[in-house]
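In what follows, a single structure is set out as structure tokens and then discussed.
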Amino acid sequence: MTSTALTTQARATAPYGAREVTLLDLLDRLLEGGVAIQGDITLAVADIDLVDLSLRIAVASTDTLGHGRRRKGGSR
Amino acid sequence: MSVLVYAICESDADAPLCRGVGGQPLRIVRDAGLAALVSDAPADVPGGGEQELWEHEQAVEALMAEHDVLPARFGTSVSGEEEARGLLSERAAEFRRGLARVAGSFELAIRASLAKPSGSGPARSLAESPGSSYMHALKAREDLAKELDRRIALALGPLSRASRSTRPRGAPETVASAHLVERRRLGEFRDRAAQLAEEVDFAEVFCTGPWPPYSFSEDEGAP
């Protein structure tokens with residue numbers, strides 16, 4: 001499993017929207033959604049929470065999220 | 001050998017050919033007319049997390065290409081195939097309700113962030129104390145977030161079988177919602193979301209998906 005393949009996968013699931021937004025949506029879904037199963041937590045969720053947090057901060061601090069799609073006001 | 005659970009679906013499903021988390025082969029476990037997509041739990045998962053998340057997602061999406069699925073929350077393992085079969089039989093009624101709820105539908109995610117406050121107005125009125133001014137600014141931002149929620153529900157609610165609005169952790173200026181959308185309405189939904197992004201000039205609006213129905217897998221998510 002190469003990281004190239006995963007990048008391709010990330011693009012495949014994001015018809016449009018920034019890659020960072022896709023990753024945030026992925027995090028919200030996989031960590032908080034889905035069928036909750038009683039069992040052992042075997043994967044490093046603590047590490048993922050850190051990724052989660054740093055990404056949220058990164059997104060919150062960029063008001064255009066890296067692309068200039070936002071319309072300037074005055075149309076309404 | 002403990003096994004990771006990726007998703008629940010009807011028992012006629014075969015395991016997708018792609019690999020699961022840590023490169024583990026996927027397989028299907030069946031009971032009570034249902035199937036669970038599982039793999040061996042990887043013995044040694046390196047830190048980081050993003051790669052493992054995508055590996056989980058890829059496995060669920062491969063199954064979703066052919067079947068209605070209830071995706072499992074990430075990272076939970078059960079003690080073995082026997083326990084996975086027990087899970088299917090014990091919660092069969094719940095899983096059938098869930099599969100009926102999401103049949104033929106996908107999840108679309110809307111995430112909208114308020115634009116930074118414009119610098120054109122006075123930083124604060126001289127008549128107001130800094131504390132009061134701050135509270136007014138905060139109230140204005142909350143009103144904007146509510147307006148954003150309302151606009152999203154108005155535009156996209158009619159195209160969704162079910163919708164859930166959430167405020168993501170640690171991001172008070174972001175509105176996020178999940179929408180359960182029928183396959184035949186995916187294009188219409190995305191077009192409407194793009195139109196909304198153009199109409200709303202006080203926020204950035206993004207739409208991602210189609211995702212497996214993570215936000216509609218459990219009963220409390222039912223409309």
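A note on labels: chains of the structure tokens are A, B, ... as shown, every chain counts residues from 1, and ligands are counted from 1 in their shown order.
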
Report task. Could you tell me, as a ChimeraX atom specification, which residues of stretch 13-103 of chain B DSSP assigns to alpha helix (DSSP H) when given the backbone? Result -> /B:50-64,81-90,92-102

Selection export as a PDB file, in the first residue's frame, atoms kept: C-alpha atoms:
ATOM      1  CA  GLU B  50      -4.055   9.166   8.046  1.00  0.00           C
ATOM      2  CA  GLN B  51      -2.943   6.151   6.019  1.00  0.00           C
ATOM      3  CA  GLU B  52      -4.865   3.730   8.245  1.00  0.00           C
ATOM      4  CA  LEU B  53      -7.978   5.897   8.010  1.00  0.00           C
ATOM      5  CA  TRP B  54      -7.844   5.812   4.220  1.00  0.00           C
ATOM      6  CA  GLU B  55      -7.215   2.059   4.229  1.00  0.00           C
ATOM      7  CA  HIS B  56     -10.369   1.567   6.297  1.00  0.00           C
ATOM      8  CA  GLU B  57     -12.312   3.934   4.051  1.00  0.00           C
ATOM      9  CA  GLN B  58     -11.067   2.245   0.884  1.00  0.00           C
ATOM     10  CA  ALA B  59     -12.254  -1.169   2.091  1.00  0.00           C
ATOM     11  CA  VAL B  60     -15.713   0.170   2.971  1.00  0.00           C
ATOM     12  CA  GLU B  61     -16.013   2.041  -0.331  1.00  0.00           C
ATOM     13  CA  ALA B  62     -15.043  -1.064  -2.319  1.00  0.00           C
ATOM     14  CA  LEU B  63     -17.880  -2.959  -0.633  1.00  0.00           C
ATOM     15  CA  MET B  64     -20.226   0.011  -1.101  1.00  0.00           C
ATOM     16  CA  GLU B  81     -14.530 -14.555  13.674  1.00  0.00           C
ATOM     17  CA  GLU B  82     -16.766 -16.238  16.236  1.00  0.00           C
ATOM     18  CA  GLU B  83     -17.323 -12.965  18.054  1.00  0.00           C
ATOM     19  CA  ALA B  84     -17.937 -11.214  14.701  1.00  0.00           C
ATOM     20  CA  ARG B  85     -20.662 -13.786  13.914  1.00  0.00           C
ATOM     21  CA  GLY B  86     -22.086 -13.252  17.396  1.00  0.00           C
ATOM     22  CA  LEU B  87     -22.233  -9.522  16.706  1.00  0.00           C
ATOM     23  CA  LEU B  88     -24.236 -10.155  13.521  1.00  0.00           C
ATOM     24  CA  SER B  89     -26.761 -12.449  15.195  1.00  0.00           C
ATOM     25  CA  GLU B  90     -27.161 -10.390  18.389  1.00  0.00           C
ATOM     26  CA  ALA B  92     -29.390  -8.507  13.442  1.00  0.00           C
ATOM     27  CA  ALA B  93     -32.643  -6.558  13.893  1.00  0.00           C
ATOM     28  CA  GLU B  94     -30.794  -3.272  14.406  1.00  0.00           C
ATOM     29  CA  PHE B  95     -28.542  -3.890  11.370  1.00  0.00           C
ATOM     30  CA  ARG B  96     -31.546  -4.748   9.168  1.00  0.00           C
ATOM     31  CA  ARG B  97     -33.250  -1.505  10.171  1.00  0.00           C
ATOM     32  CA  GLY B  98     -30.043   0.347   9.408  1.00  0.00           C
ATOM     33  CA  LEU B  99     -29.596  -1.274   5.997  1.00  0.00           C
ATOM     34  CA  ALA B 100     -33.216  -0.473   5.108  1.00  0.00           C
ATOM     35  CA  ARG B 101     -32.674   3.129   6.188  1.00  0.00           C
ATOM     36  CA  VAL B 102     -29.612   3.678   3.972  1.00  0.00           C
TER      37      VAL B 102
END

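Residues in contact range of stretch 134-143 of chain B, defined as at most 9 Å between only C-alpha atoms, with sequence neighbours fewer than 3 positions away removed, read Leu114, Pro117, Arg124, Ser129, Pro130, Gly131, Lys146, Glu147, Leu148, Pro172 and Glu173 of chain B.
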
Could the residues in this selection be saved with C-alpha atoms as a PDB file, in the first residue's frame?
ATOM      1  CA  LEU B 114     -17.604  31.634   8.411  1.00  0.00           C
ATOM      2  CA  PRO B 117     -14.930  39.319  10.092  1.00  0.00           C
ATOM      3  CA  ARG B 124     -15.302  48.716  18.762  1.00  0.00           C
ATOM      4  CA  SER B 129     -16.555  48.499  27.214  1.00  0.00           C
ATOM      5  CA  PRO B 130     -14.185  45.985  25.593  1.00  0.00           C
ATOM      6  CA  GLY B 131     -16.114  43.154  27.264  1.00  0.00           C
ATOM      7  CA  LYS B 146     -27.416  29.986  12.617  1.00  0.00           C
ATOM      8  CA  GLU B 147     -28.208  31.676   9.312  1.00  0.00           C
ATOM      9  CA  LEU B 148     -25.727  29.322   7.629  1.00  0.00           C
ATOM     10  CA  PRO B 172     -16.903  26.948  16.624  1.00  0.00           C
ATOM     11  CA  GLU B 173     -16.964  28.946  13.392  1.00  0.00           C
TER      12      GLU B 173
END

Within 8 Å of A:Ile37, counting only C-alpha atoms, which residues show up once you throw out same-chain ones fewer than 3 positions away? Write them as a tab-separated table (two decimals) with C-alpha atoms, in the first residue's frame, please.
chain	number	residue	atom	x	y	z
B	72	ALA	CA	-18.23	0.42	11.28
B	73	ARG	CA	-16.52	3.03	13.40
B	76	THR	CA	-12.43	-1.46	16.80

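Interatomic distance, atom CA of B:Ile110 to atom CA of B:Leu70: 20.1 Å.
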
Query - DSSP strand (DSSP E) residues within stretch 70-166 of chain B, as a list in words - result: Leu70, Pro71, Thr76, Ser77, Val78, Ser105, Phe106, Glu107, Leu108, Ala109, Ile110, Arg111, Ala112, Ser113, Leu114, Ala162, Ser163, Arg164, Ser165 and Thr166 of chain B

Query raised in the report: Which polymer residues have any atom within 12 Å of an atom of B:Pro158, counting only C-alpha atoms, with same-chain residues fewer than 2 positions away left out, as a list of chain:residue names?
Result: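 In the requested form, the answer reads B:Arg151, B:Ile152, B:Ala153, B:Leu154, B:Ala155, B:Leu156, B:Ser160, B:Arg161, B:Ala162, B:Ser163, B:His179, B:Leu180, B:Val181, B:Glu182, B:Arg185, B:Glu188, B:Phe189, B:Arg192.
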
Residues as selected, N, CA and C atoms, written as a tab-separated table (two decimals), in the first residue's frame, can you do that?
chain	number	residue	atom	x	y	z
B	151	ARG	N	-29.74	28.21	5.88
B	151	ARG	CA	-29.60	28.22	4.42
B	151	ARG	C	-29.27	26.83	3.89
B	152	ILE	N	-28.42	26.11	4.63
B	152	ILE	CA	-28.05	24.75	4.21
B	152	ILE	C	-29.27	23.84	4.25
B	153	ALA	N	-30.03	23.92	5.36
B	153	ALA	CA	-31.22	23.07	5.51
B	153	ALA	C	-32.25	23.38	4.42
B	154	LEU	N	-32.41	24.66	4.12
B	154	LEU	CA	-33.39	25.10	3.12
B	154	LEU	C	-33.01	24.60	1.73
B	155	ALA	N	-31.71	24.70	1.40
B	155	ALA	CA	-31.26	24.34	0.05
B	155	ALA	C	-31.17	22.82	-0.13
B	156	LEU	N	-30.66	22.13	0.88
B	156	LEU	CA	-30.29	20.73	0.68
B	156	LEU	C	-31.22	19.74	1.38
B	160	SER	N	-32.52	15.54	0.42
B	160	SER	CA	-31.97	14.51	1.30
B	160	SER	C	-33.09	13.66	1.90
B	161	ARG	N	-32.80	12.37	2.06
B	161	ARG	CA	-33.75	11.50	2.79
B	161	ARG	C	-33.70	11.80	4.27
B	162	ALA	N	-32.53	12.20	4.75
B	162	ALA	CA	-32.37	12.58	6.16
B	162	ALA	C	-31.17	13.52	6.24
B	163	SER	N	-31.17	14.39	7.21
B	163	SER	CA	-30.06	15.33	7.40
B	163	SER	C	-29.75	15.43	8.88
B	179	HIS	N	-25.79	14.47	5.05
B	179	HIS	CA	-27.04	14.29	4.31
B	179	HIS	C	-27.07	12.91	3.67
B	180	LEU	N	-28.17	12.21	3.89
B	180	LEU	CA	-28.37	10.90	3.27
B	180	LEU	C	-29.08	11.14	1.94
B	181	VAL	N	-28.39	10.82	0.84
B	181	VAL	CA	-28.88	11.21	-0.49
B	181	VAL	C	-29.02	9.97	-1.37
B	182	GLU	N	-30.16	9.84	-2.02
B	182	GLU	CA	-30.37	8.72	-2.94
B	182	GLU	C	-29.42	8.82	-4.12
B	185	ARG	N	-30.08	11.13	-6.93
B	185	ARG	CA	-30.09	12.57	-6.68
B	185	ARG	C	-28.71	13.14	-6.37
B	188	GLU	N	-27.75	16.15	-8.60
B	188	GLU	CA	-28.59	17.30	-8.27
B	188	GLU	C	-28.14	17.93	-6.94
B	189	PHE	N	-27.84	17.06	-5.97
B	189	PHE	CA	-27.40	17.54	-4.65
B	189	PHE	C	-26.10	18.33	-4.77
B	192	ARG	N	-26.61	21.66	-6.38
B	192	ARG	CA	-27.26	22.62	-5.48
B	192	ARG	C	-26.27	23.11	-4.43

**Report entry** Residue with smallest distance to B:Ala36 - pool B:Asp12, B:Glu218, B:Glu199, B:Glu66, counting only C-alpha atoms
**Finding:** B:Asp12
